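Structure file query.txt with compact mmCIF, C-alpha atoms:
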```
# COMPACT_ATOMS: atom_id res chain seq x y z
CA MET A 2 221.56 48.03 -145.57
CA ARG A 3 221.78 44.73 -147.32
CA ARG A 4 219.81 43.16 -144.51
CA ARG A 5 216.93 45.65 -144.90
CA TRP A 6 216.82 44.97 -148.58
CA LEU A 7 216.54 41.25 -147.96
CA LEU A 8 213.70 41.77 -145.44
CA GLY A 9 211.77 43.96 -147.94
CA PHE A 10 212.21 41.41 -150.65
CA VAL A 11 210.89 38.65 -148.42
CA ALA A 12 207.82 40.74 -147.45
CA LEU A 13 207.06 41.56 -151.09
CA ALA A 14 207.37 37.91 -152.05
CA ALA A 15 204.97 37.00 -149.27
CA LEU A 16 202.43 39.54 -150.50
CA VAL A 17 202.71 38.30 -154.07
CA ALA A 18 202.31 34.71 -152.95
CA GLY A 19 199.26 35.61 -150.90
CA ALA A 20 197.65 37.45 -153.82
CA LEU A 21 198.36 34.58 -156.16
CA PHE A 22 196.83 32.19 -153.66
CA VAL A 23 193.71 34.28 -153.21
CA PHE A 24 193.08 35.18 -156.84
CA GLY A 25 194.27 31.90 -158.19
CA ALA A 26 191.83 29.99 -155.96
CA GLY A 27 188.96 32.16 -157.22
CA ARG A 28 185.87 33.67 -155.55
CA GLU A 29 183.92 31.70 -153.02
CA ALA A 30 180.39 30.97 -154.26
CA ASP A 31 177.25 29.27 -152.95
CA ILE A 32 176.65 26.29 -155.20
CA VAL A 33 173.57 24.15 -155.84
CA VAL A 34 173.62 20.96 -157.88
CA VAL A 35 171.01 20.07 -160.52
CA ARG A 36 169.24 16.88 -159.45
CA ARG A 37 166.31 14.71 -160.41
CA ALA A 38 163.23 14.90 -158.25
CA PRO A 39 159.43 15.00 -158.55
CA ILE A 40 157.81 18.41 -159.01
CA VAL A 41 154.23 19.64 -158.92
CA GLN A 42 152.84 22.95 -160.18
CA SER A 43 149.47 24.25 -159.12
CA VAL A 44 147.28 27.34 -159.27
CA VAL A 45 145.55 28.57 -156.15
CA ALA A 46 142.40 30.67 -156.17
CA THR A 47 140.01 31.99 -153.56
CA GLY A 48 136.29 31.65 -154.06
CA ARG A 49 132.99 30.91 -152.42
CA VAL A 50 130.72 27.91 -152.09
CA ALA A 51 127.72 28.19 -154.39
CA THR A 52 124.59 26.10 -154.65
CA PRO A 53 123.00 25.35 -158.05
CA ALA A 54 120.55 28.20 -157.44
CA ARG A 55 119.42 30.73 -154.85
CA ILE A 56 115.65 31.12 -154.85
CA GLU A 57 113.74 34.03 -153.38
CA VAL A 58 110.22 33.10 -152.31
CA SER A 59 107.88 36.07 -152.66
CA SER A 60 104.19 36.74 -153.26
CA GLN A 61 102.69 37.94 -156.53
CA LEU A 62 99.80 39.42 -154.60
CA ALA A 63 99.61 41.82 -151.68
CA ALA A 64 98.04 39.89 -148.81
CA ARG A 65 98.37 39.33 -145.08
CA ILE A 66 100.66 36.51 -143.99
CA GLU A 67 98.77 33.97 -141.88
CA ARG A 68 101.45 31.31 -141.41
CA ILE A 69 105.14 30.66 -142.17
CA SER A 70 106.02 27.00 -141.74
CA VAL A 71 109.83 27.10 -141.80
CA ARG A 72 112.84 28.73 -140.15
CA GLU A 73 116.43 29.39 -141.22
CA GLY A 74 118.34 26.16 -141.73
CA ASP A 75 115.27 23.98 -142.32
CA ALA A 76 115.43 21.47 -145.16
CA VAL A 77 112.32 21.49 -147.35
CA LYS A 78 111.03 19.17 -150.06
CA ALA A 79 109.68 20.30 -153.41
CA GLY A 80 105.99 21.18 -153.07
CA ALA A 81 106.07 21.71 -149.30
CA VAL A 82 103.95 24.63 -148.06
CA LEU A 83 106.22 27.43 -146.87
CA VAL A 84 103.94 30.44 -146.47
CA GLN A 85 100.15 30.71 -146.28
CA LEU A 86 98.54 34.07 -147.11
CA ARG A 87 94.99 35.13 -146.30
CA SER A 88 92.67 33.53 -148.87
CA ASP A 89 89.02 34.13 -147.85
CA GLU A 90 88.16 36.25 -150.89
CA ALA A 91 89.95 33.94 -153.32
CA GLU A 92 88.18 30.88 -151.90
CA ALA A 93 84.77 32.56 -152.30
CA ALA A 94 85.61 33.48 -155.90
CA LEU A 95 86.53 29.87 -156.61
CA VAL A 96 83.24 28.63 -155.14
CA ALA A 97 81.30 31.06 -157.37
CA ALA A 98 83.27 30.03 -160.46
CA ARG A 99 82.62 26.35 -159.80
CA ALA A 100 78.89 27.04 -159.37
CA ALA A 101 78.81 28.88 -162.71
CA LEU A 102 80.54 25.91 -164.33
CA ARG A 103 77.96 23.50 -162.95
CA GLU A 104 75.18 25.76 -164.29
CA ALA A 105 76.75 25.84 -167.77
CA GLU A 106 77.18 22.07 -167.77
CA GLY A 107 73.55 21.70 -166.64
CA ARG A 108 72.35 23.83 -169.52
CA GLN A 109 74.28 21.74 -171.96
CA ALA A 110 72.80 18.56 -170.47
CA GLN A 111 69.31 20.06 -170.79
CA LEU A 112 70.03 20.89 -174.42
CA VAL A 113 71.14 17.35 -175.19
CA ARG A 114 68.52 15.48 -173.17
CA VAL A 115 65.45 17.72 -173.55
CA GLN A 116 65.65 20.50 -176.09
CA ARG A 117 67.25 18.47 -178.87
CA PRO A 118 64.71 15.56 -178.76
CA VAL A 119 61.77 18.00 -178.44
CA SER A 120 62.95 20.05 -181.42
CA GLU A 121 63.30 16.88 -183.50
CA GLN A 122 59.70 15.88 -182.59
CA GLN A 123 58.44 19.35 -183.41
CA LEU A 124 60.20 19.14 -186.78
CA ALA A 125 58.53 15.80 -187.52
CA GLN A 126 55.13 17.20 -186.55
CA ALA A 127 55.66 20.29 -188.72
CA GLN A 128 56.56 18.08 -191.67
CA ALA A 129 53.38 16.02 -191.15
CA ASN A 130 51.27 19.18 -190.85
CA LEU A 131 52.68 20.49 -194.13
CA ARG A 132 51.83 17.24 -195.92
CA LEU A 133 48.22 17.45 -194.63
CA ALA A 134 47.97 21.10 -195.65
CA GLU A 135 49.23 20.29 -199.14
CA GLN A 136 46.70 17.45 -199.46
CA GLU A 137 43.88 19.70 -198.24
CA LEU A 138 44.80 22.37 -200.78
CA ALA A 139 44.79 19.79 -203.59
CA ARG A 140 41.28 18.52 -202.57
CA ALA A 141 39.95 22.08 -202.31
CA ARG A 142 41.13 22.93 -205.79
CA ASP A 143 39.61 19.74 -207.16
CA LEU A 144 36.26 20.48 -205.54
CA VAL A 145 36.25 24.06 -206.83
CA ALA A 146 37.01 22.79 -210.31
CA ARG A 147 33.97 20.47 -210.09
CA GLY A 148 31.81 23.26 -208.71
CA PHE A 149 31.11 21.55 -205.42
CA VAL A 150 32.57 24.31 -203.16
CA ALA A 151 33.26 28.02 -203.40
CA GLN A 152 36.63 29.63 -204.05
CA ALA A 153 36.81 30.61 -200.40
CA ARG A 154 37.56 26.97 -199.59
CA VAL A 155 40.70 27.11 -201.77
CA ASP A 156 41.77 30.39 -200.20
CA ASP A 157 41.53 28.84 -196.73
CA ALA A 158 43.54 25.83 -197.86
CA VAL A 159 46.25 28.06 -199.35
CA ARG A 160 46.57 29.94 -196.06
CA GLY A 161 46.76 26.67 -194.16
CA GLU A 162 49.44 25.32 -196.46
CA ALA A 163 51.50 28.55 -196.07
CA THR A 164 51.16 28.42 -192.29
CA ALA A 165 52.28 24.80 -192.20
CA ARG A 166 55.28 25.58 -194.42
CA ALA A 167 56.31 28.46 -192.14
CA ALA A 168 55.96 26.24 -189.07
CA LEU A 169 58.15 23.64 -190.77
CA ALA A 170 60.86 26.23 -191.48
CA ALA A 171 60.79 27.33 -187.83
CA ALA A 172 60.97 23.73 -186.63
CA GLN A 173 63.88 23.02 -188.98
CA ALA A 174 65.79 26.06 -187.69
CA GLN A 175 65.13 25.07 -184.09
CA ALA A 176 66.21 21.50 -184.68
CA GLN A 177 69.33 22.57 -186.58
CA GLY A 178 70.35 24.92 -183.75
CA ASN A 179 69.97 22.20 -181.15
CA ARG A 180 71.88 19.57 -183.10
CA GLU A 181 75.62 18.90 -182.53
CA GLY A 182 77.54 21.80 -184.11
CA GLY A 183 74.47 24.04 -184.20
CA ALA A 184 74.20 27.53 -182.74
CA GLU A 185 72.65 26.49 -179.41
CA SER A 186 75.09 23.64 -179.04
CA GLU A 187 78.07 25.92 -179.75
CA LEU A 188 76.72 28.53 -177.31
CA ALA A 189 76.45 25.91 -174.58
CA ARG A 190 80.01 24.74 -175.31
CA VAL A 191 81.37 28.29 -175.17
CA ARG A 192 79.59 28.90 -171.85
CA ILE A 193 81.24 25.80 -170.40
CA GLU A 194 84.68 26.84 -171.67
CA GLN A 195 84.24 30.29 -170.18
CA ALA A 196 83.12 28.83 -166.86
CA ARG A 197 86.09 26.46 -166.81
CA ALA A 198 88.44 29.34 -167.54
CA ASN A 199 86.93 31.26 -164.63
CA VAL A 200 87.47 28.23 -162.38
CA ALA A 201 91.07 27.94 -163.53
CA SER A 202 91.64 31.65 -162.93
CA ALA A 203 90.13 31.49 -159.45
CA THR A 204 92.13 28.35 -158.66
CA ALA A 205 95.35 29.99 -159.82
CA ARG A 206 94.67 33.09 -157.75
CA LEU A 207 93.98 30.94 -154.72
CA ASP A 208 97.14 28.94 -155.38
CA LEU A 209 99.16 32.18 -155.45
CA LEU A 210 98.23 32.66 -151.81
CA THR A 211 99.96 29.39 -150.85
CA LEU A 212 103.71 29.66 -151.38
CA ARG A 213 105.40 26.29 -151.88
CA ALA A 214 109.00 25.13 -152.26
CA PRO A 215 109.76 24.82 -156.00
CA VAL A 216 112.61 22.33 -155.40
CA ASP A 217 114.34 20.46 -152.60
CA ALA A 218 116.22 23.17 -150.76
CA THR A 219 117.51 24.63 -147.51
CA VAL A 220 116.09 27.82 -146.00
CA LEU A 221 118.78 30.50 -145.80
CA THR A 222 116.86 33.57 -144.62
CA ARG A 223 113.41 34.50 -143.34
CA THR A 224 112.48 38.17 -143.51
CA ALA A 225 108.82 38.24 -142.43
CA GLU A 226 106.50 36.99 -139.69
CA PRO A 227 102.78 36.06 -139.51
CA GLY A 228 100.66 39.19 -139.48
CA ASP A 229 102.96 41.09 -141.83
CA THR A 230 101.65 42.12 -145.22
CA ALA A 231 103.38 40.38 -148.09
CA GLN A 232 104.40 42.90 -150.71
CA THR A 233 104.52 42.01 -154.38
CA GLY A 234 108.01 40.90 -155.35
CA ARG A 235 109.52 41.32 -151.86
CA ALA A 236 111.29 38.16 -150.66
CA ILE A 237 109.81 36.43 -147.64
CA LEU A 238 112.24 33.49 -147.68
CA THR A 239 115.51 32.76 -149.46
CA LEU A 240 116.27 29.14 -150.37
CA ALA A 241 119.43 27.36 -151.49
CA GLN A 242 118.60 24.62 -153.96
CA ASN A 243 119.89 21.18 -153.03
CA GLY A 244 122.07 19.39 -155.52
CA GLU A 245 125.59 19.68 -156.82
CA THR A 246 127.78 21.83 -154.60
CA ARG A 247 130.08 24.17 -156.50
CA VAL A 248 132.91 26.57 -155.83
CA ILE A 249 133.09 29.76 -157.88
CA ALA A 250 136.53 31.39 -157.84
CA THR A 251 138.66 33.84 -159.79
CA VAL A 252 142.15 33.17 -161.17
CA ASP A 253 144.72 35.66 -162.41
CA GLU A 254 144.59 35.71 -166.20
CA LYS A 255 148.33 34.92 -166.41
CA ASN A 256 147.45 31.38 -165.28
CA LEU A 257 144.76 30.90 -167.92
CA ARG A 258 147.01 28.76 -170.10
CA TYR A 259 147.34 26.17 -167.34
CA LEU A 260 143.61 25.56 -166.80
CA ARG A 261 141.74 22.63 -168.36
CA ALA A 262 138.32 21.16 -167.64
CA GLY A 263 138.58 17.96 -165.63
CA GLN A 264 141.59 19.02 -163.55
CA ARG A 265 141.52 17.74 -160.00
CA ALA A 266 141.78 20.21 -157.15
CA SER A 267 142.10 20.30 -153.39
CA ALA A 268 139.97 22.78 -151.46
CA LEU A 269 140.07 24.17 -147.95
CA ALA A 270 137.39 26.17 -146.20
CA ASP A 271 138.86 29.08 -144.27
CA ALA A 272 136.73 28.09 -141.28
CA PHE A 273 138.01 24.46 -141.36
CA PRO A 274 141.64 24.65 -142.55
CA ALA A 275 142.48 21.14 -141.35
CA GLN A 276 139.77 19.40 -143.37
CA PRO A 277 140.55 19.48 -147.11
CA PHE A 278 138.12 18.09 -149.65
CA GLU A 279 138.28 17.26 -153.34
CA ALA A 280 136.92 19.34 -156.21
CA GLU A 281 137.02 19.20 -160.00
CA LEU A 282 137.34 22.06 -162.48
CA PHE A 283 134.51 21.97 -165.03
CA TYR A 284 134.15 25.54 -166.31
CA VAL A 285 136.51 28.34 -167.33
CA ALA A 286 134.86 31.62 -168.31
CA PRO A 287 135.24 32.51 -172.02
CA SER A 288 136.15 36.11 -171.20
CA VAL A 289 138.45 38.01 -168.84
CA ASP A 290 137.37 40.66 -166.34
CA ALA A 291 139.20 43.63 -167.84
CA GLN A 292 139.14 45.69 -164.64
CA ARG A 293 140.48 42.98 -162.35
CA GLY A 294 142.50 40.96 -164.84
CA THR A 295 140.93 37.73 -163.61
CA VAL A 296 139.06 34.77 -165.06
CA GLU A 297 136.11 33.10 -163.37
CA VAL A 298 136.36 29.35 -162.84
CA ARG A 299 133.84 26.89 -161.43
CA LEU A 300 134.52 23.62 -159.70
CA ARG A 301 132.14 20.90 -158.61
CA VAL A 302 132.47 19.18 -155.24
CA PRO A 303 131.53 15.49 -155.70
CA GLN A 304 131.37 14.71 -151.98
CA PRO A 305 130.84 17.95 -150.06
CA PRO A 306 131.64 17.72 -146.33
CA ALA A 307 128.85 18.40 -143.89
CA PHE A 308 130.37 21.67 -142.71
CA LEU A 309 130.18 23.37 -146.12
CA LYS A 310 127.63 26.17 -146.26
CA PRO A 311 126.57 28.51 -149.06
CA GLU A 312 128.80 31.57 -149.50
CA MET A 313 131.56 30.05 -147.35
CA THR A 314 135.06 31.27 -148.33
CA VAL A 315 137.19 28.50 -149.85
CA SER A 316 140.77 28.29 -151.12
CA VAL A 317 141.19 25.98 -154.08
CA GLU A 318 144.45 24.51 -155.33
CA MET A 319 144.32 23.12 -158.87
CA VAL A 320 147.18 20.84 -159.93
CA VAL A 321 148.12 21.95 -163.45
CA GLY A 322 151.35 20.00 -163.94
CA ARG A 323 153.25 17.09 -162.42
CA ARG A 324 156.51 15.30 -163.15
CA ASP A 325 157.58 12.22 -161.23
CA SER A 326 161.19 12.70 -162.32
CA ALA A 327 162.49 16.06 -163.53
CA LEU A 328 165.69 18.09 -163.47
CA VAL A 329 165.07 20.65 -160.75
CA LEU A 330 166.78 23.69 -159.31
CA PRO A 331 165.90 26.14 -156.55
CA ALA A 332 163.82 28.90 -158.11
CA ASP A 333 166.25 31.59 -156.90
CA ALA A 334 169.11 29.98 -158.85
CA VAL A 335 167.47 31.02 -162.15
CA ARG A 336 168.28 34.49 -163.41
CA ASP A 337 165.70 35.78 -165.90
CA ALA A 338 167.45 37.45 -168.81
CA ASP A 339 164.55 39.83 -169.36
CA ALA A 340 160.77 39.99 -168.96
CA ALA A 341 160.13 38.50 -172.40
CA ALA A 342 162.48 35.59 -171.72
CA ALA A 343 160.85 34.90 -168.38
CA ALA A 344 157.37 34.97 -169.91
CA SER A 345 158.37 32.56 -172.68
CA GLY A 346 160.06 30.14 -170.33
CA ARG A 347 163.61 31.16 -171.39
CA ALA A 348 165.96 32.24 -168.65
CA ALA A 349 169.60 31.76 -167.61
CA VAL A 350 171.74 30.49 -164.78
CA LEU A 351 175.37 31.07 -163.75
CA ALA A 352 176.86 27.60 -164.02
CA VAL A 353 180.32 26.40 -163.04
CA ARG A 354 182.24 25.22 -166.11
CA ASP A 355 185.94 24.31 -165.77
CA GLY A 356 186.17 26.20 -162.51
CA ARG A 357 184.76 29.41 -163.92
CA ALA A 358 181.36 31.05 -163.84
CA GLU A 359 179.54 30.85 -167.16
CA ARG A 360 176.11 32.24 -168.09
CA VAL A 361 174.05 29.38 -169.53
CA PRO A 362 170.59 29.87 -171.15
CA VAL A 363 168.02 27.43 -169.84
CA SER A 364 164.43 26.53 -170.68
CA ILE A 365 162.09 26.42 -167.69
CA GLY A 366 159.15 24.03 -167.40
CA LEU A 367 157.02 23.48 -164.32
CA ARG A 368 157.34 25.79 -161.34
CA GLY A 369 156.91 24.28 -157.91
CA VAL A 370 157.19 25.74 -154.43
CA GLY A 371 160.68 27.18 -154.41
CA THR A 372 161.78 24.96 -157.31
CA VAL A 373 161.67 24.99 -161.08
CA GLU A 374 162.00 22.32 -163.75
CA VAL A 375 164.90 22.69 -166.18
CA LEU A 376 164.01 21.43 -169.64
CA GLU A 377 167.13 22.44 -171.58
CA GLY A 378 170.58 23.85 -170.89
CA LEU A 379 171.70 21.79 -167.89
CA ALA A 380 172.31 18.16 -167.03
CA GLU A 381 171.98 16.24 -163.83
CA GLY A 382 174.90 16.98 -161.50
CA ASP A 383 175.73 20.40 -163.00
CA ALA A 384 176.74 23.01 -160.43
CA VAL A 385 174.90 26.33 -160.45
CA ILE A 386 175.94 29.49 -158.59
CA LEU A 387 173.27 31.15 -156.50
CA PRO A 388 172.65 34.90 -156.92
CA SER A 389 173.66 35.46 -153.30
CA SER A 390 177.27 35.03 -154.44
CA SER A 391 179.21 37.91 -155.96
CA ALA A 392 180.62 35.82 -158.81
CA ARG A 393 180.23 37.15 -162.33
CA PRO A 394 180.55 35.45 -165.73
CA GLY A 395 184.23 34.61 -166.36
CA ASP A 396 185.25 34.66 -162.69
CA ARG A 397 187.16 31.71 -161.30
CA VAL A 398 185.07 30.33 -158.45
CA ARG A 399 185.47 27.86 -155.67
CA GLN A 400 182.67 26.15 -153.81
CA ARG A 401 181.71 27.57 -150.45
CA ALA A 402 178.70 25.35 -149.73
CA VAL A 403 176.26 23.08 -151.49
CA ARG A 404 172.72 24.00 -150.54
CA ALA A 405 170.32 21.11 -150.03
CA LEU A 406 167.31 21.14 -152.30
CA ALA A 407 164.00 21.30 -150.48
CA ASN A 408 161.48 18.55 -151.11
CA PRO A 409 159.88 19.86 -154.31
CA GLN A 410 156.74 17.77 -153.87
CA ALA A 411 156.01 18.68 -150.29
CA VAL A 412 153.78 21.64 -151.12
CA PRO A 413 152.81 22.60 -154.70
CA MET A 414 153.41 26.12 -155.89
CA MET A 415 150.69 28.60 -155.07
CA THR A 416 150.25 31.26 -157.75
CA ARG A 417 147.34 33.60 -157.85
```
So, in terms of structure tokens, how does the structure I just supplied come out?
Amino acid sequence: MRRRWLLGFVALAALVAGALFVFGAGREADIVVVRRAPIVQSVVATGRVATPARIEVSSQLAARIERISVREGDAVKAGAVLVQLRSDEAEAALVAARAALREAEGRQAQLVRVQRPVSEQQLAQAQANLRLAEQELARARDLVARGFVAQARVDDAVRGEATARAALAAAQAQAQGNREGGAESELARVRIEQARANVASATARLDLLTLRAPVDATVLTRTAEPGDTAQTGRAILTLAQNGETRVIATVDEKNLRYLRAGQRASALADAFPAQPFEAELFYVAPSVDAQRGTVEVRLRVPQPPAFLKPEMTVSVEMVVGRRDSALVLPADAVRDADAAAAASGRAAVLAVRDGRAERVPVSIGLRGVGTVEVLEGLAEGDAVILPSSSARPGDRVRQRAVRALANPQAVPMMTR
């Protein structure tokens, strides 16, 4: 009996010792150590390659297409003839307008060289005739007063003087009309202006039948062939203007606070994923798309690679923050206290303090790929318990493993 009691006591002591060993040593926990390392934060967006302008070449007149000089992919210079429409009627109208202009100019030349000098001579002759008529009337009246001639002589002289005065008035009116600024001169000028306007109108109409490239560009599409009828406003060719290549993309509005004009970016075309190229952010839309919750951004490509084409899909990564030396932790080691704290950069971790788990508030800075920057709350070398462990605040813990921190600068964070 005494022996059984001793065996039971020994077994109980063993159990108590085992429990004390287990609970005294604490819970096993996965530990990560705060360390200094570089970190990069970026924002990634998907967009498309855009040229400065897309230009649709169409006719303002309905006419038959006689010739199209370009095909898709052709590069064209400003002023180059792209499409020629039938122009017989317009050419004939221009010939008639030019003939009318020459006639109006000829009439003006006749006015200046012939009619104006002749009218001045006629005026001088009428003035001389009036002086003679006045002298004749004076002699006739003198002779009648002396009784040498009858009154009929005076009557004839009066009529002659009146006729000469009327002829002078007519000559003066004719000369005044033919002089510079007179009625005939102004009429000739107006006829020339009208004829020139008709020439300009006919020239413009004829020019509308020759469609030219407005700028240096590349032909994207061709939707008609010679013999087709060009319809007013219907595109025959679509051009992409040469010049600065741009990428237009959309970014989630939550990343708006990170974006600044002048930020450098790295871009990749989906069709050429192994050939990145540089871009620069220059425009952030002043408003947000309420339905999609996105903001439009535009980036210029200083040196576009040869493979870039309009409307090509491109992924753009904009570096919005960089630290060469920062306190960093794996992102999954941070436990957000609540949504508001996470949004404001305040969060918490379960740190090891004096062998026990302790909840420590931290301030988060940059967010990299799988890593975050710790601004406040922790120091270099502090041990932090990962959420994969079952430890809770106040528990005694013992280290199970120290997880190596991934290279935080290998690939920047991609947030959409």
Write out as JSON, numbers by chain which residues come within 7 Å of segment 203-212 of chain A when counting only C-alpha atoms, dropping same-chain ones fewer than 4 positions away.
{"A": [61, 82, 83, 84, 85, 86, 87, 88, 91, 92, 94, 95, 199]}
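Taking atom CA of Pro306 of chain A and atom CA of Val248 of chain A as the two end points, the separation is 13.0 Å.
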Neighbour residues at most 12 Å from (70.0, 21.2, -187.8) (only C-alpha atoms) as a PyMOL selection string:
chain A and resi 117-118+120-121+124+170-186
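Using all atoms listed in the file, the shortest contact distance between Leu387 of chain A and any of A:Arg293, A:Arg336, A:Arg368, A:Lys310 is found at A:Arg336.
In this model, the gap between atom CA of Gly161 of chain A and atom CA of Ala127 of chain A comes to 12.2 Å.
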Tell me, in Å to one decimal, how far atom CA of Ala262 of chain A is from atom CA of Tyr284 of chain A.
6.2 Å
Calculated over all atoms listed in the file, which of the candidates A:Val398, A:Val150, A:Val191, A:Val113 has the smallest distance to Ala358 of chain A?
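Checking each of A:Val398, A:Val150, A:Val191, A:Val113 against Ala358 of chain A, counting all atoms listed in the file, the winner is A:Val398.
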Reconstruct segment 61-68 of chain A at the level of all heavy atoms, and format the result as a PDB file, keeping the file's coordinate frame.
```pdb
ATOM      1  N   GLN A  61     103.076  37.135-155.371  1.00  0.00           N
ATOM      2  CA  GLN A  61     102.690  37.940-156.530  1.00  0.00           C
ATOM      3  C   GLN A  61     101.481  38.811-156.221  1.00  0.00           C
ATOM      4  O   GLN A  61     101.070  39.611-157.054  1.00  0.00           O
ATOM      5  CB  GLN A  61     102.359  37.016-157.706  1.00  0.00           C
ATOM      6  CG  GLN A  61     103.543  36.184-158.165  1.00  0.00           C
ATOM      7  CD  GLN A  61     103.210  35.332-159.367  1.00  0.00           C
ATOM      8  OE1 GLN A  61     102.502  35.762-160.273  1.00  0.00           O
ATOM      9  NE2 GLN A  61     103.721  34.110-159.391  1.00  0.00           N
ATOM     10  N   LEU A  62     100.949  38.639-155.017  1.00  0.00           N
ATOM     11  CA  LEU A  62      99.800  39.420-154.600  1.00  0.00           C
ATOM     12  C   LEU A  62     100.086  40.042-153.238  1.00  0.00           C
ATOM     13  O   LEU A  62     100.817  39.466-152.423  1.00  0.00           O
ATOM     14  CB  LEU A  62      98.546  38.532-154.489  1.00  0.00           C
ATOM     15  CG  LEU A  62      98.130  37.754-155.744  1.00  0.00           C
ATOM     16  CD1 LEU A  62      96.999  36.794-155.408  1.00  0.00           C
ATOM     17  CD2 LEU A  62      97.696  38.721-156.841  1.00  0.00           C
ATOM     18  N   ALA A  63      99.511  41.203-152.995  1.00  0.00           N
ATOM     19  CA  ALA A  63      99.610  41.820-151.680  1.00  0.00           C
ATOM     20  C   ALA A  63      98.547  41.211-150.773  1.00  0.00           C
ATOM     21  O   ALA A  63      97.355  41.296-151.062  1.00  0.00           O
ATOM     22  CB  ALA A  63      99.420  43.338-151.784  1.00  0.00           C
ATOM     23  N   ALA A  64      98.979  40.563-149.715  1.00  0.00           N
ATOM     24  CA  ALA A  64      98.040  39.890-148.810  1.00  0.00           C
ATOM     25  C   ALA A  64      98.693  39.727-147.445  1.00  0.00           C
ATOM     26  O   ALA A  64      99.924  39.762-147.315  1.00  0.00           O
ATOM     27  CB  ALA A  64      97.627  38.537-149.369  1.00  0.00           C
ATOM     28  N   ARG A  65      97.861  39.516-146.432  1.00  0.00           N
ATOM     29  CA  ARG A  65      98.370  39.330-145.080  1.00  0.00           C
ATOM     30  C   ARG A  65      98.930  37.919-144.927  1.00  0.00           C
ATOM     31  O   ARG A  65      98.334  36.947-145.395  1.00  0.00           O
ATOM     32  CB  ARG A  65      97.260  39.566-144.054  1.00  0.00           C
ATOM     33  CG  ARG A  65      97.771  39.607-142.605  1.00  0.00           C
ATOM     34  CD  ARG A  65      96.622  39.822-141.647  1.00  0.00           C
ATOM     35  NE  ARG A  65      95.765  38.629-141.607  1.00  0.00           N
ATOM     36  CZ  ARG A  65      94.596  38.587-140.984  1.00  0.00           C
ATOM     37  NH1 ARG A  65      94.110  39.679-140.408  1.00  0.00           N
ATOM     38  NH2 ARG A  65      93.879  37.478-140.979  1.00  0.00           N
ATOM     39  N   ILE A  66     100.056  37.810-144.243  1.00  0.00           N
ATOM     40  CA  ILE A  66     100.660  36.510-143.990  1.00  0.00           C
ATOM     41  C   ILE A  66      99.971  35.872-142.785  1.00  0.00           C
ATOM     42  O   ILE A  66      99.947  36.454-141.690  1.00  0.00           O
ATOM     43  CB  ILE A  66     102.172  36.635-143.723  1.00  0.00           C
ATOM     44  CG1 ILE A  66     102.876  37.247-144.938  1.00  0.00           C
ATOM     45  CG2 ILE A  66     102.782  35.284-143.374  1.00  0.00           C
ATOM     46  CD1 ILE A  66     104.340  37.548-144.702  1.00  0.00           C
ATOM     47  N   GLU A  67      99.425  34.681-142.979  1.00  0.00           N
ATOM     48  CA  GLU A  67      98.770  33.970-141.880  1.00  0.00           C
ATOM     49  C   GLU A  67      99.702  32.961-141.208  1.00  0.00           C
ATOM     50  O   GLU A  67      99.616  32.751-139.993  1.00  0.00           O
ATOM     51  CB  GLU A  67      97.514  33.250-142.388  1.00  0.00           C
ATOM     52  CG  GLU A  67      96.401  34.191-142.800  1.00  0.00           C
ATOM     53  CD  GLU A  67      95.090  33.455-143.063  1.00  0.00           C
ATOM     54  OE1 GLU A  67      95.122  32.210-143.178  1.00  0.00           O
ATOM     55  OE2 GLU A  67      94.053  34.134-143.142  1.00  0.00           O
ATOM     56  N   ARG A  68     100.591  32.343-141.997  1.00  0.00           N
ATOM     57  CA  ARG A  68     101.450  31.310-141.410  1.00  0.00           C
ATOM     58  C   ARG A  68     102.720  31.161-142.233  1.00  0.00           C
ATOM     59  O   ARG A  68     102.686  31.187-143.462  1.00  0.00           O
ATOM     60  CB  ARG A  68     100.706  29.971-141.368  1.00  0.00           C
ATOM     61  CG  ARG A  68     101.483  28.863-140.660  1.00  0.00           C
ATOM     62  CD  ARG A  68     100.666  27.579-140.570  1.00  0.00           C
ATOM     63  NE  ARG A  68     100.507  26.921-141.871  1.00  0.00           N
ATOM     64  CZ  ARG A  68      99.414  26.965-142.614  1.00  0.00           C
ATOM     65  NH1 ARG A  68      98.359  27.644-142.196  1.00  0.00           N
ATOM     66  NH2 ARG A  68      99.350  26.329-143.769  1.00  0.00           N
TER      67      ARG A  68
END
```
